[in-house]
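Below is one structure, written out as structure tokens; comments come after it.
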Amino acid sequence: MLIELESVTKIYNQGQPNEVTALDSIDLRIEENAMVCLRGSSGSGKSTLLSIIGCIFPPTSGRAAIAGRQLARLPDRFLTLHRRRSIGFIFQRFNLLPALSVMDNISLPLLPLGVPPAERRQRARALMDRFAIRHRERFPAGQISGGELQRVAIARALVNDPPIILADEPTAHLDTGLSQVFMDLMAELHAAGKTIIITSHDPLVTEHPAIGRIIDIRDGRIHAA
Amino acid sequence: MRTLARQINILDYALSSLWRRRLKNASVLVVFTAVIFLVASFQMVTDALTGTAQEVLVNAPQITLQRMSAGRQVNIPLAYAGKLGAIYGISNIVPRVWGYYFDELTGANLTIMGLDTSRMPMGDQLRLTLAEGTFPAAGSRGSVVLGQAVRDMVRARGSQLLSLFRNDLSMASYQVAGVFSRATDILTRDLVVMSIADARDLFRIPPGQATDLCIYVANPTEIGTIARKIADLLPDTRVVTRPQILKTYRVVFGWRSGFGSICLLTALTAFVILAWDKASGLSLEEKREIAILKVLGWQTADILAVRFWESLLVSGLAFLLGVTLAYVHVVFLDGVLFRPVMVGWSVIFPPFHLAPAMNAQVFFLIFCLSVLPYLAATVIPAWHTATVRADSALSGA
């Protein structure tokens, strides 16, 4: 079992008038090399669940473990280290730094790992070749097309070779063609052994043949898994 | 090895970050450089002036005795030297004749000094103040030692002789026997030194008189005591000691320097406060960048390190540029911006070159007052920045 959540609850602004319970006693198990979709409307809690799986913040209560390591009560420093080594993120708007070149954007996760410049370039170029964006190597991210942005974001998520890929609403701002390309790439990574978790309510994602499991989330609770 | 590589990567990112915000950083660099330039220049001009004065006054008489009448200085009879024989500790008394000479052709006011250097205890050391030539020998007539400006004036006339008019408009001409070095410019640039007999002849001063008496003492620690005894013995005289002259220079330059330094340090403080204000107010773009970096596995310490390197590079470069420009300003441009403030607007002072004064303590102080506060003003607020929640990058925030 790669990811195990037991009675995980997340409460924002606890004890304050604007307290919000984003997740309420979630139990979830995700196998290694699974391809899972977290489905739910806006505000359902799927991004919060993705953040806990991605070690961005710990749950308010409950137990969260990844590959057998109990991460729920680790300090932020250790969560960052775990995130650095094990998790690749793909964001809704890709979240690239527009002034940085494609090469520099892809290399960003490697800098705190202490990967030397030559190796950084080598790894980034290998991914650029794979996703056919090598010709944009020196272009600032703010000057390339939406499809290329998507591929740069995927390359960045893969550059430190993490076993888990988390994608938060990745097709929300893409047209049908690019959404299809994105899902095909995810299927390819899944076939290569990665565990993939995608949050979405886009039928192009939820109905993609590579998705092995859909988890419905509503009001912070899992309704079907 | 990985730690070193990580630090190099972070430095690399800081450099690229500086380049991305090059317009903003360049404007900070220009303003910061200007402030450091002003502070360092001011301090260097002060040091150069006081240093030069101190160096030159080493050769000045330990006590100068002048006779006063009706509140004005008048000639002093040489017989006064005999009256001082009873004071224990005086090693030598040398008469001196000096005065001012207005040169109508150039409009320059020259200082004429008649000395008998062979009778002065530090006569040998006085030669060190010369760039070329020697002082007129005792009893010799018709030769002079000139300051740099006077030498230039003589050269401009295409002459080998300095010609001056006596009171009765008869002309006296002098061979140039030596020239003072540039290092003594502050006191010698307008100076003409001749034998005391020539000076008496030029100013028409009777043989038994001088303008003042230079008094040398055996033990320099007793200058003050001996000066008091002289003042008691000769109540119609003014007694000026070398420490008093030095103190006057220090007080004058120190007061002006202090006033200027307060103004400039206020500017520096204002700049640091502005830097703090700018650094603590984060733009949405900066917040987003930090959130992305945190999600991608950057620690808070990594983000602080980036800000530290950025600030160190900007402030370090500004410090080096500011100090270098200050050096050029003081040494090659004679501190043109601050010399009027330091020397005084109301005093007609001869032009002179400032000797470079590189005081490591002053540079360290300027470094501590500029680079360190800037680092603190930019890195401490960055703590706020670096604690932005990583999840704010999610969901397109």
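Naming works like this for the structure tokens: A, B, ... for the chains as they're shown, residue 1 at the start of each chain, ligands 1 onward in shown order.
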
Shell around Ser27 in chain B at 12 Å using only C-alpha atoms, local window under 4 positions removed, as a PyMOL selection string: chain B and resi 18+21-23+31-34+275+314+318

Restrict the selected residues to N, CA and C atoms and save them as a PDB file, in the first residue's frame.
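Written out: again08.pdb:
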ATOM      1  N   LEU B  18      18.187  38.212  -9.704  1.00  0.00           N
ATOM      2  CA  LEU B  18      18.627  39.613  -9.799  1.00  0.00           C
ATOM      3  C   LEU B  18      18.502  40.107 -11.235  1.00  0.00           C
ATOM      4  N   ARG B  21      14.940  40.854 -12.319  1.00  0.00           N
ATOM      5  CA  ARG B  21      14.423  42.133 -11.803  1.00  0.00           C
ATOM      6  C   ARG B  21      15.500  43.198 -11.947  1.00  0.00           C
ATOM      7  N   ARG B  22      16.140  43.197 -13.105  1.00  0.00           N
ATOM      8  CA  ARG B  22      17.326  44.034 -13.258  1.00  0.00           C
ATOM      9  C   ARG B  22      17.036  45.524 -13.173  1.00  0.00           C
ATOM     10  N   LEU B  23      15.879  45.945 -13.635  1.00  0.00           N
ATOM     11  CA  LEU B  23      15.558  47.378 -13.600  1.00  0.00           C
ATOM     12  C   LEU B  23      15.437  47.843 -12.148  1.00  0.00           C
ATOM     13  N   VAL B  31      21.107  54.101  -6.321  1.00  0.00           N
ATOM     14  CA  VAL B  31      20.838  54.946  -5.145  1.00  0.00           C
ATOM     15  C   VAL B  31      21.775  54.562  -3.993  1.00  0.00           C
ATOM     16  N   PHE B  32      21.927  53.255  -3.785  1.00  0.00           N
ATOM     17  CA  PHE B  32      22.771  52.779  -2.684  1.00  0.00           C
ATOM     18  C   PHE B  32      24.232  53.191  -2.919  1.00  0.00           C
ATOM     19  N   THR B  33      24.694  53.026  -4.160  1.00  0.00           N
ATOM     20  CA  THR B  33      26.066  53.422  -4.503  1.00  0.00           C
ATOM     21  C   THR B  33      26.252  54.919  -4.234  1.00  0.00           C
ATOM     22  N   ALA B  34      25.254  55.709  -4.626  1.00  0.00           N
ATOM     23  CA  ALA B  34      25.358  57.165  -4.444  1.00  0.00           C
ATOM     24  C   ALA B  34      25.464  57.515  -2.961  1.00  0.00           C
ATOM     25  N   ALA B 275      14.320  50.417   2.083  1.00  0.00           N
ATOM     26  CA  ALA B 275      14.592  49.027   1.675  1.00  0.00           C
ATOM     27  C   ALA B 275      13.748  48.063   2.502  1.00  0.00           C
ATOM     28  N   VAL B 314      23.901  42.924  -4.154  1.00  0.00           N
ATOM     29  CA  VAL B 314      23.545  44.326  -4.446  1.00  0.00           C
ATOM     30  C   VAL B 314      24.304  45.269  -3.511  1.00  0.00           C
ATOM     31  N   ALA B 318      27.386  47.707  -4.396  1.00  0.00           N
ATOM     32  CA  ALA B 318      27.180  49.151  -4.142  1.00  0.00           C
ATOM     33  C   ALA B 318      28.305  49.684  -3.256  1.00  0.00           C
TER      34      ALA B 318
END

Contact residues (chain A, partner chain B, 7 Å, only C-alpha atoms) as a PyMOL selection string: chain A and resi 51+56+77+80-81+83-84+91-93+95+97+99+109+111-116+168

Keeping only N, CA and C atoms, write those residues as a PDB file, in the first residue's frame.
ATOM      1  N   SER A  51      -3.405  18.059  -1.223  1.00  0.00           N
ATOM      2  CA  SER A  51      -2.332  18.743  -0.479  1.00  0.00           C
ATOM      3  C   SER A  51      -1.814  17.876   0.667  1.00  0.00           C
ATOM      4  N   ILE A  56       1.936  18.910   1.608  1.00  0.00           N
ATOM      5  CA  ILE A  56       2.038  20.369   1.650  1.00  0.00           C
ATOM      6  C   ILE A  56       1.669  20.859   3.047  1.00  0.00           C
ATOM      7  N   ARG A  77       9.647  21.064   7.855  1.00  0.00           N
ATOM      8  CA  ARG A  77      10.960  20.818   7.262  1.00  0.00           C
ATOM      9  C   ARG A  77      11.046  19.404   6.653  1.00  0.00           C
ATOM     10  N   THR A  80       8.778  18.973   3.638  1.00  0.00           N
ATOM     11  CA  THR A  80       9.396  19.551   2.443  1.00  0.00           C
ATOM     12  C   THR A  80      10.403  18.577   1.836  1.00  0.00           C
ATOM     13  N   LEU A  81      11.206  17.976   2.713  1.00  0.00           N
ATOM     14  CA  LEU A  81      12.208  17.016   2.230  1.00  0.00           C
ATOM     15  C   LEU A  81      11.538  15.845   1.514  1.00  0.00           C
ATOM     16  N   ARG A  83       8.562  15.868   0.116  1.00  0.00           N
ATOM     17  CA  ARG A  83       7.958  16.397  -1.114  1.00  0.00           C
ATOM     18  C   ARG A  83       9.014  16.518  -2.205  1.00  0.00           C
ATOM     19  N   ARG A  84      10.203  16.973  -1.773  1.00  0.00           N
ATOM     20  CA  ARG A  84      11.303  17.202  -2.709  1.00  0.00           C
ATOM     21  C   ARG A  84      11.702  15.913  -3.427  1.00  0.00           C
ATOM     22  N   PHE A  91       0.069  21.721 -11.722  1.00  0.00           N
ATOM     23  CA  PHE A  91      -0.986  22.611 -11.219  1.00  0.00           C
ATOM     24  C   PHE A  91      -2.001  22.962 -12.302  1.00  0.00           C
ATOM     25  N   GLN A  92      -3.140  23.480 -11.807  1.00  0.00           N
ATOM     26  CA  GLN A  92      -4.227  23.877 -12.694  1.00  0.00           C
ATOM     27  C   GLN A  92      -3.757  24.869 -13.761  1.00  0.00           C
ATOM     28  N   ARG A  93      -3.031  25.909 -13.311  1.00  0.00           N
ATOM     29  CA  ARG A  93      -2.527  26.909 -14.275  1.00  0.00           C
ATOM     30  C   ARG A  93      -1.040  26.697 -14.539  1.00  0.00           C
ATOM     31  N   ASN A  95       1.526  26.977 -13.090  1.00  0.00           N
ATOM     32  CA  ASN A  95       2.393  27.655 -12.126  1.00  0.00           C
ATOM     33  C   ASN A  95       3.868  27.612 -12.498  1.00  0.00           C
ATOM     34  N   LEU A  97       7.201  29.879 -13.720  1.00  0.00           N
ATOM     35  CA  LEU A  97       7.642  31.266 -13.499  1.00  0.00           C
ATOM     36  C   LEU A  97       7.880  31.888 -14.878  1.00  0.00           C
ATOM     37  N   ALA A  99       9.090  34.534 -16.187  1.00  0.00           N
ATOM     38  CA  ALA A  99      10.328  35.207 -16.605  1.00  0.00           C
ATOM     39  C   ALA A  99      11.488  34.227 -16.743  1.00  0.00           C
ATOM     40  N   PRO A 109      13.094  22.099  -9.357  1.00  0.00           N
ATOM     41  CA  PRO A 109      13.093  21.145  -8.223  1.00  0.00           C
ATOM     42  C   PRO A 109      14.474  20.548  -7.941  1.00  0.00           C
ATOM     43  N   LEU A 111      17.387  22.234  -7.865  1.00  0.00           N
ATOM     44  CA  LEU A 111      18.325  23.160  -7.203  1.00  0.00           C
ATOM     45  C   LEU A 111      18.518  22.829  -5.726  1.00  0.00           C
ATOM     46  N   PRO A 112      17.431  22.684  -4.933  1.00  0.00           N
ATOM     47  CA  PRO A 112      17.676  22.381  -3.512  1.00  0.00           C
ATOM     48  C   PRO A 112      18.195  20.967  -3.275  1.00  0.00           C
ATOM     49  N   LEU A 113      18.141  20.125  -4.302  1.00  0.00           N
ATOM     50  CA  LEU A 113      18.692  18.766  -4.144  1.00  0.00           C
ATOM     51  C   LEU A 113      20.210  18.760  -4.333  1.00  0.00           C
ATOM     52  N   GLY A 114      20.765  19.905  -4.755  1.00  0.00           N
ATOM     53  CA  GLY A 114      22.220  19.997  -4.934  1.00  0.00           C
ATOM     54  C   GLY A 114      22.703  19.289  -6.174  1.00  0.00           C
ATOM     55  N   VAL A 115      21.839  19.181  -7.187  1.00  0.00           N
ATOM     56  CA  VAL A 115      22.260  18.528  -8.441  1.00  0.00           C
ATOM     57  C   VAL A 115      23.140  19.515  -9.213  1.00  0.00           C
ATOM     58  N   PRO A 116      24.338  19.106  -9.614  1.00  0.00           N
ATOM     59  CA  PRO A 116      25.247  20.031 -10.295  1.00  0.00           C
ATOM     60  C   PRO A 116      24.659  20.533 -11.630  1.00  0.00           C
ATOM     61  N   ASP A 168      -3.479  18.778 -10.073  1.00  0.00           N
ATOM     62  CA  ASP A 168      -4.656  19.461  -9.519  1.00  0.00           C
ATOM     63  C   ASP A 168      -5.408  20.161 -10.642  1.00  0.00           C
TER      64      ASP A 168
END

Residues within 12 Å of Glu188 in chain A, only C-alpha atoms, excluding chain neighbours under 2 positions, as a ChimeraX atom specification: /A:33,35,130-131,181-186,190-196,209-211

Every residue of range 11-78 of chain A that DSSP places in strand (DSSP E or B), as a ChimeraX atom specification: /A:11-12,20-30,35-39,61-66,69-70

DSSP alpha helix (DSSP H) residues within chain A, as a PyMOL selection string: chain A and resi 46-53+76-86+102-107+117-130+146-158+176-191+203-206

Contacts of Gln150 in chain A within 9 Å, only C-alpha atoms, excl. fewer than 6 positions in-chain, as a list in words: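 My reading of the contact set: Ile90, Arg93, Phe94, Pro170, Leu174, Leu178 and Phe182 of chain A.
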
CA of Leu79 in chain A to CA of Phe57 in chain A, distance in Å rounded to a single decimal: 7.7 Å

Nearby residues (only C-alpha atoms) at most 12 Å from Ser7 in chain A, same-chain spacing under 6 positions excluded, as number ranges by chain: A: 23-29, 59-65, 72, 220-222

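Summary of the local environment: counting only C-alpha atoms, residues at most 6 Å from Ala141 in chain A, other than itself and those fewer than 5 positions away along its chain, are Pro98, Ser101 and Val102 of chain A.
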
Within 10 Å of Ile245 in chain B, counting only C-alpha atoms, which residues show up once you throw out same-chain ones fewer than 5 positions away? Write them as a short mmCIF file (atom, residue, chain, number, x, y, z; two decimals) with N, CA and C atoms, in the first residue's frame, please.
data_model
loop_
_atom_site.label_atom_id
_atom_site.label_comp_id
_atom_site.auth_asym_id
_atom_site.auth_seq_id
_atom_site.Cartn_x
_atom_site.Cartn_y
_atom_site.Cartn_z
N ALA B 53 47.18 67.95 7.36
CA ALA B 53 47.52 69.02 8.31
C ALA B 53 48.42 68.47 9.41
N GLN B 54 48.05 67.31 9.92
CA GLN B 54 48.82 66.70 11.01
C GLN B 54 50.25 66.40 10.57
N LEU B 57 52.23 69.67 10.10
CA LEU B 57 52.49 70.42 11.33
C LEU B 57 53.56 69.76 12.21
N ALA B 60 56.24 72.09 12.31
CA ALA B 60 55.96 73.45 12.80
C ALA B 60 56.63 73.64 14.16
N GLN B 62 57.23 74.20 18.08
CA GLN B 62 56.40 73.70 19.19
C GLN B 62 55.64 74.84 19.86
N VAL B 240 51.27 80.59 21.08
CA VAL B 240 50.50 79.57 20.35
C VAL B 240 51.32 78.28 20.33
N ARG B 250 41.58 69.93 14.03
CA ARG B 250 40.68 68.80 14.30
C ARG B 250 39.27 69.29 14.60
N VAL B 251 39.21 70.36 15.38
CA VAL B 251 37.89 70.88 15.76
C VAL B 251 37.15 71.39 14.53
#

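Our summary of the geometry notes that CA of Leu15 in chain B is positioned 21.9 Å from CA of Arg125 in chain A.
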
Top pick for closest residue to Leu105 in chain B, considering B:Leu49, B:Ala81, B:Ile36, B:Leu164 and counting only C-alpha atoms: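 The answer is B:Leu164, which sits nearest to Leu105 in chain B.
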
Using only C-alpha atoms: which of B:Ala137, B:Leu234, B:Met194, B:Ala177 has the shortest distance to Gly114 in chain B: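 Counting only C-alpha atoms, the residue closest to Gly114 in chain B is B:Met194.
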
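Shortest atom-to-atom contact with Gly142 in chain A among A:Leu2, A:Val8, A:Leu100, A:Asp129: A:Leu100, counting only C-alpha atoms.
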
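Put simply, CA of Glu286 in chain B is 21.7 Å away from CA of Phe271 in chain B.
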
Nearest to Arg96 in chain B by atom-to-atom distance, counting only C-alpha atoms, from B:Leu265, B:Leu213, B:Leu65, B:Val154: B:Leu213
